[in-house]
Amino acid sequence: MEIKKGMKKLLPLLILFLMLLASCSLDSFMDAMSGNSFAGNNNANADYVSSAVDSMKKVPTDSAFVADDPLTIDFSELTGFDSIAKAFGDADELKVNLGDYADEVRKYGLLSPQEDPTNLYNSLSGALGSTSGIASLSDQLAESASEDQSNAAKGSIALVLALTKTINVDELDDSINSMLSDLTGSLNKKVEQTGNLSKAEVLQVQIITNTVVSIANAADALKDLNQDNILENPDVSDAIDGLTLLSSLQNNLDSDVSMINVPDVSDIISTVLGTGSSSGEGDTV
């Protein structure tokens with residue numbers, strides 16, 4: 001079964017989520033998160049982030065492929081992806097034809113979503129909060145990831161590429177299509193890379209994986225953005241933290257650190273809403 005029916009159910013939630021972010025200042029989020037960073041110097045926070053990348057877990061996918069259809073994977077058979085299954089609908093609808101990317105997902109597996117990314121996010125926020133922390137983080141994340149973590153990240157990237165091929169680009173704004181095309185090109189290079197990915201790239205993929213799960217968990221809450229306490233929803237908060245850190249990571253690490261070129265969150269918001277910067281003067285959380 002194609003994923004289009006499920007995508008139509010989840011994509012509006014992603015757009016609503018972007019609209020939620022459009023009313024908030026990314027700088028304010030970083031300021032708020034800086035108070036949550038671990039005690040100690042920012043180099044210690046960088047050490048923690050690097051160690052966390054080394055311990056990121058892989059979800060084997062061999063058993064999740066449909067026996068009589070080697071190109072189709074069943075999300076309901078993947079440990080840790082329950083919330084995504086629920087967001088897409090009935091478990092039976094989670095059978096996705098991965099087409100040209102099936103072999104990569106089967107071979108590499110997927111990065112497992114983290115049940116609680118709080119420690120990772122707090123440490124990352126702390127490390128990004130100072131010049132010395134950024135320098136230490138850049139040095140450590142420039143290193144090659146282990147084969148297991150690198151392969152799992154490549155599998156997750158392949159899955160993203162398979163899903164993006166289901167999007168009807170004719171229904172998207174030209175500027176969004178351009179972003180999508182650029183991102184697809186960047187991701188394809190990472191999947192085809194013969195050597196291991198950098199720790200920074202694995203970290204990016206892990207944050208994206210966590211964020212998608214958080215959005216799926218918050219699906220019911222995101223259907224009504226008029227809720228006064230929407231930002232108090234822990235899953236919404238986790239998703240915002242993930243998107244904010246993803247943008248900050250890319251903007252602050254040294255230029256020689258190999259990273260996936262992910263479109264800036266504020267650029268996506270501006271494009272979707274036809275507005276200026278999402279973090280304009282006077283914006284509040």
# chains A, B, ... in the order shown; residues from 1 in each chain; ligands from 1
>>> residues_around(residues="Ser214 of chain A", least_positions_apart="5", cutoff="7 Å", atoms="only C-alpha atoms", output="ChimeraX atom specification")
/A:235-236,238-239
>>> residues_around(residues="Asp100 of chain A", least_positions_apart="6", cutoff="12 Å", atoms="only C-alpha atoms", output="list of chain:residue names")
A:Pro70, A:Leu71, A:Thr72, A:Arg106, A:Ala158, A:Leu159, A:Leu161, A:Ala162, A:Leu163, A:Lys165, A:Asn188, A:Val191
>>> residues_around(residues="segment 112-115 of chain A", least_positions_apart="3", cutoff="12 Å", atoms="only C-alpha atoms", output="tab-separated table (two decimals) with N, CA, C and O atoms, in the first residue's frame")
chain	number	residue	atom	x	y	z
A	52	ALA	N	27.38	10.41	23.48
A	52	ALA	CA	26.00	10.02	23.18
A	52	ALA	C	25.88	9.51	21.75
A	52	ALA	O	25.16	8.55	21.48
A	53	VAL	N	26.60	10.16	20.83
A	53	VAL	CA	26.58	9.70	19.44
A	53	VAL	C	27.14	8.28	19.34
A	53	VAL	O	26.60	7.44	18.61
A	55	SER	N	26.87	5.96	21.40
A	55	SER	CA	25.97	4.97	21.99
A	55	SER	C	24.59	4.93	21.33
A	55	SER	O	23.70	4.22	21.79
A	56	MET	N	24.38	5.70	20.27
A	56	MET	CA	23.08	5.69	19.59
A	56	MET	C	22.80	4.31	19.02
A	56	MET	O	23.69	3.64	18.51
A	57	LYS	N	21.54	3.91	19.11
A	57	LYS	CA	21.17	2.52	18.81
A	57	LYS	C	20.56	2.37	17.42
A	57	LYS	O	19.92	3.26	16.89
A	58	LYS	N	20.81	1.17	16.86
A	58	LYS	CA	20.28	0.83	15.55
A	58	LYS	C	19.09	-0.12	15.69
A	58	LYS	O	19.09	-1.02	16.52
A	59	VAL	N	18.08	0.11	14.86
A	59	VAL	CA	16.92	-0.80	14.80
A	59	VAL	C	17.08	-1.68	13.55
A	59	VAL	O	17.05	-1.16	12.43
A	60	PRO	N	17.29	-2.99	13.70
A	60	PRO	CA	17.38	-3.87	12.53
A	60	PRO	C	16.04	-3.88	11.78
A	60	PRO	O	14.98	-3.81	12.39
A	61	THR	N	16.10	-3.93	10.47
A	61	THR	CA	14.88	-3.85	9.67
A	61	THR	C	14.57	-5.12	8.87
A	61	THR	O	13.53	-5.20	8.22
A	78	LEU	N	8.58	-2.32	13.58
A	78	LEU	CA	9.83	-1.69	14.00
A	78	LEU	C	9.73	-1.19	15.43
A	78	LEU	O	8.86	-0.38	15.77
A	79	THR	N	10.62	-1.64	16.28
A	79	THR	CA	10.65	-1.23	17.68
A	79	THR	C	10.98	0.25	17.79
A	79	THR	O	11.94	0.74	17.20
A	80	GLY	N	10.15	0.97	18.56
A	80	GLY	CA	10.40	2.38	18.81
A	80	GLY	C	9.67	3.33	17.87
A	80	GLY	O	9.74	4.54	18.04
A	81	PHE	N	8.97	2.77	16.88
A	81	PHE	CA	8.28	3.61	15.91
A	81	PHE	C	6.76	3.57	16.09
A	81	PHE	O	6.01	3.89	15.17
A	82	ASP	N	6.30	3.19	17.29
A	82	ASP	CA	4.87	3.04	17.54
A	82	ASP	C	4.10	4.33	17.30
A	82	ASP	O	3.01	4.33	16.73
A	83	SER	N	4.65	5.45	17.79
A	83	SER	CA	3.92	6.72	17.67
A	83	SER	C	3.76	7.14	16.22
A	83	SER	O	2.75	7.73	15.84
A	84	ILE	N	4.77	6.85	15.40
A	84	ILE	CA	4.66	7.17	13.98
A	84	ILE	C	3.56	6.34	13.35
A	84	ILE	O	2.76	6.83	12.55
A	109	GLY	N	19.62	-0.74	8.36
A	109	GLY	CA	18.76	-0.56	9.52
A	109	GLY	C	18.41	0.91	9.69
A	109	GLY	O	18.63	1.73	8.78
A	118	THR	N	16.30	14.43	26.62
A	118	THR	CA	16.54	15.61	27.45
A	118	THR	C	18.02	15.83	27.74
A	118	THR	O	18.55	16.94	27.57
A	119	ASN	N	18.72	14.79	28.20
A	119	ASN	CA	20.14	14.94	28.54
A	119	ASN	C	20.97	15.35	27.33
A	119	ASN	O	21.84	16.21	27.42
A	120	LEU	N	20.68	14.73	26.19
A	120	LEU	CA	21.41	15.07	24.97
A	120	LEU	C	21.15	16.52	24.58
A	120	LEU	O	22.09	17.27	24.28
A	121	TYR	N	19.89	16.92	24.59
A	121	TYR	CA	19.54	18.27	24.16
A	121	TYR	C	20.10	19.32	25.12
A	121	TYR	O	20.57	20.37	24.69
A	148	ASP	N	28.50	1.19	12.95
A	148	ASP	CA	27.11	0.90	13.31
A	148	ASP	C	26.25	2.16	13.28
A	148	ASP	O	25.16	2.16	12.68
A	149	GLN	N	26.70	3.24	13.94
A	149	GLN	CA	25.91	4.47	13.97
A	149	GLN	C	25.82	5.10	12.59
A	149	GLN	O	24.77	5.60	12.19
A	152	ALA	N	23.33	3.07	10.43
A	152	ALA	CA	21.95	3.29	10.85
A	152	ALA	C	21.46	4.65	10.36
A	152	ALA	O	20.30	4.80	9.94
A	153	ALA	N	22.33	5.66	10.42
A	153	ALA	CA	21.97	7.00	9.94
A	153	ALA	C	21.74	6.98	8.44
A	153	ALA	O	20.79	7.61	7.93
A	155	GLY	N	20.66	4.46	6.73
A	155	GLY	CA	19.37	3.82	6.52
A	155	GLY	C	18.22	4.77	6.76
A	155	GLY	O	17.24	4.78	6.01
A	156	SER	N	18.33	5.59	7.81
A	156	SER	CA	17.29	6.56	8.10
A	156	SER	C	17.20	7.62	7.00
A	156	SER	O	16.11	8.06	6.64
A	202	VAL	N	25.49	12.05	11.99
A	202	VAL	CA	24.68	11.08	12.73
A	202	VAL	C	23.81	11.81	13.76
A	202	VAL	O	22.63	11.49	13.93
A	203	LEU	N	24.39	12.81	14.42
A	203	LEU	CA	23.63	13.58	15.40
A	203	LEU	C	22.46	14.30	14.74
A	203	LEU	O	21.35	14.33	15.28
A	205	VAL	N	20.80	13.36	12.07
A	205	VAL	CA	19.78	12.36	11.74
A	205	VAL	C	19.03	11.92	12.99
A	205	VAL	O	17.81	11.73	12.98
A	206	GLN	N	19.75	11.78	14.12
A	206	GLN	CA	19.11	11.39	15.37
A	206	GLN	C	18.11	12.46	15.82
A	206	GLN	O	16.99	12.14	16.25
A	207	ILE	N	18.48	13.72	15.72
A	207	ILE	CA	17.58	14.80	16.12
A	207	ILE	C	16.35	14.83	15.23
A	207	ILE	O	15.22	15.01	15.70
A	208	ILE	N	16.55	14.63	13.92
A	208	ILE	CA	15.41	14.60	13.00
A	208	ILE	C	14.48	13.45	13.34
A	208	ILE	O	13.25	13.60	13.37
A	209	THR	N	15.05	12.27	13.63
A	209	THR	CA	14.25	11.10	14.00
A	209	THR	C	13.45	11.38	15.27
A	209	THR	O	12.24	11.11	15.33
A	210	ASN	N	14.12	11.93	16.28
A	210	ASN	CA	13.43	12.27	17.53
A	210	ASN	C	12.30	13.26	17.30
A	210	ASN	O	11.21	13.14	17.89
A	211	THR	N	12.54	14.24	16.44
A	211	THR	CA	11.56	15.30	16.21
A	211	THR	C	10.33	14.77	15.51
A	211	THR	O	9.19	15.14	15.85
A	212	VAL	N	10.52	13.90	14.53
A	212	VAL	CA	9.37	13.30	13.83
A	212	VAL	C	8.52	12.51	14.81
A	212	VAL	O	7.28	12.59	14.79
A	213	VAL	N	9.16	11.75	15.71
A	213	VAL	CA	8.42	10.99	16.70
A	213	VAL	C	7.68	11.92	17.66
A	213	VAL	O	6.52	11.67	18.02
A	214	SER	N	8.31	13.01	18.06
A	214	SER	CA	7.67	13.97	18.97
A	214	SER	C	6.44	14.59	18.31
A	214	SER	O	5.40	14.75	18.95
A	216	ALA	N	4.67	13.23	15.97
A	216	ALA	CA	3.66	12.16	15.90
A	216	ALA	C	2.97	11.98	17.25
A	216	ALA	O	1.75	11.81	17.33
A	217	ASN	N	3.76	12.04	18.33
A	217	ASN	CA	3.19	11.91	19.67
A	217	ASN	C	2.24	13.06	19.99
A	217	ASN	O	1.26	12.90	20.73
A	235	ASP	N	5.69	16.86	24.34
A	235	ASP	CA	6.09	16.41	23.01
A	235	ASP	C	6.29	17.59	22.06
A	235	ASP	O	7.22	17.60	21.25
A	238	ASP	N	9.58	19.06	23.07
A	238	ASP	CA	10.70	18.27	22.56
A	238	ASP	C	10.93	18.52	21.07
A	238	ASP	O	12.08	18.61	20.60
A	242	GLY	N	14.20	20.15	19.36
A	242	GLY	CA	14.94	19.45	18.31
A	242	GLY	C	15.17	20.32	17.08
A	242	GLY	O	16.29	20.41	16.56
>>> residues_around(residues="Asp74 of chain A", least_positions_apart="3", cutoff="7 Å", atoms="only C-alpha atoms", output="ChimeraX atom specification")
/A:64-66,77,94-96
>>> write_last_selection(atoms="N, CA, C and O atoms", output="CSV table (one decimal), in the first residue's frame")
chain,number,residue,atom,x,y,z
A,64,ALA,N,11.2,-6.6,9.2
A,64,ALA,CA,10.1,-5.7,9.0
A,64,ALA,C,9.6,-5.7,7.5
A,64,ALA,O,8.6,-5.2,7.2
A,65,PHE,N,10.4,-6.3,6.6
A,65,PHE,CA,10.1,-6.3,5.2
A,65,PHE,C,9.0,-7.4,4.9
A,65,PHE,O,9.1,-8.5,5.5
A,66,VAL,N,8.1,-7.1,4.1
A,66,VAL,CA,7.0,-8.0,3.8
A,66,VAL,C,7.6,-9.2,3.0
A,66,VAL,O,8.3,-9.0,2.0
A,77,GLU,N,6.2,-3.2,12.6
A,77,GLU,CA,7.2,-4.2,13.0
A,77,GLU,C,8.5,-3.7,13.6
A,77,GLU,O,9.4,-4.4,13.9
A,94,LEU,N,0.7,1.0,7.4
A,94,LEU,CA,2.1,1.4,7.5
A,94,LEU,C,3.0,0.6,6.6
A,94,LEU,O,4.2,0.5,6.8
A,95,LYS,N,2.5,-0.1,5.6
A,95,LYS,CA,3.3,-0.9,4.7
A,95,LYS,C,3.7,0.0,3.5
A,95,LYS,O,2.9,0.4,2.7
A,96,VAL,N,5.0,0.4,3.5
A,96,VAL,CA,5.5,1.4,2.6
A,96,VAL,C,6.4,0.8,1.6
A,96,VAL,O,7.4,0.1,1.9
>>> closest_residue(among="A:Ser130, A:Asn151, A:Ser248, A:Asn229", to="Ala46 of chain A", atoms="only C-alpha atoms")
A:Ser130
>>> closest_residue(among="A:Thr131, A:Asn45, A:Ile215, A:Val262", to="Asp241 of chain A", atoms="only C-alpha atoms")
A:Ile215
>>> closest_residue(among="A:Glu201, A:Asp69, A:Asp103, A:Asp62", to="Val257 of chain A", atoms="only C-alpha atoms")
A:Glu201
>>> atom_distance(atom1="atom CA of Glu192 of chain A", atom2="atom CA of Ser144 of chain A")
15.8 Å
>>> atom_distance(atom1="atom CA of Asn122 of chain A", atom2="atom CA of Leu141 of chain A")
16.6 Å
>>> residues_around(residues="Met259 of chain A", least_positions_apart="6", cutoff="9 Å", atoms="only C-alpha atoms", output="number ranges by chain")
A: 142, 197-202, 204, 250
>>> write_last_selection(atoms="N, CA and C atoms", output="short mmCIF file (atom, residue, chain, number, x, y, z; two decimals), in the first residue's frame")
data_model
loop_
_atom_site.label_atom_id
_atom_site.label_comp_id
_atom_site.auth_asym_id
_atom_site.auth_seq_id
_atom_site.Cartn_x
_atom_site.Cartn_y
_atom_site.Cartn_z
N ALA A 142 33.52 16.41 14.27
CA ALA A 142 34.17 16.29 12.96
C ALA A 142 34.71 14.88 12.75
N LEU A 197 29.88 8.27 7.95
CA LEU A 197 29.44 9.65 8.13
C LEU A 197 30.16 10.25 9.33
N SER A 198 30.16 11.56 9.43
CA SER A 198 30.74 12.21 10.60
C SER A 198 29.78 12.08 11.79
N LYS A 199 30.31 12.28 12.98
CA LYS A 199 29.46 12.26 14.16
C LYS A 199 28.40 13.36 14.09
N ALA A 200 28.75 14.49 13.49
CA ALA A 200 27.79 15.59 13.35
C ALA A 200 26.60 15.16 12.50
N GLU A 201 26.87 14.42 11.44
CA GLU A 201 25.79 13.98 10.54
C GLU A 201 24.89 12.96 11.23
N VAL A 202 25.49 12.05 11.99
CA VAL A 202 24.68 11.08 12.73
C VAL A 202 23.81 11.81 13.76
N GLN A 204 22.68 14.86 13.56
CA GLN A 204 21.59 15.52 12.84
C GLN A 204 20.46 14.54 12.55
N GLN A 250 23.84 23.54 12.90
CA GLN A 250 24.33 23.79 11.55
C GLN A 250 24.94 25.19 11.43
#
>>> closest_residue(among="A:Asp220, A:Ser125, A:Pro117, A:Asn233", to="Ser247 of chain A", atoms="only C-alpha atoms")
A:Ser125
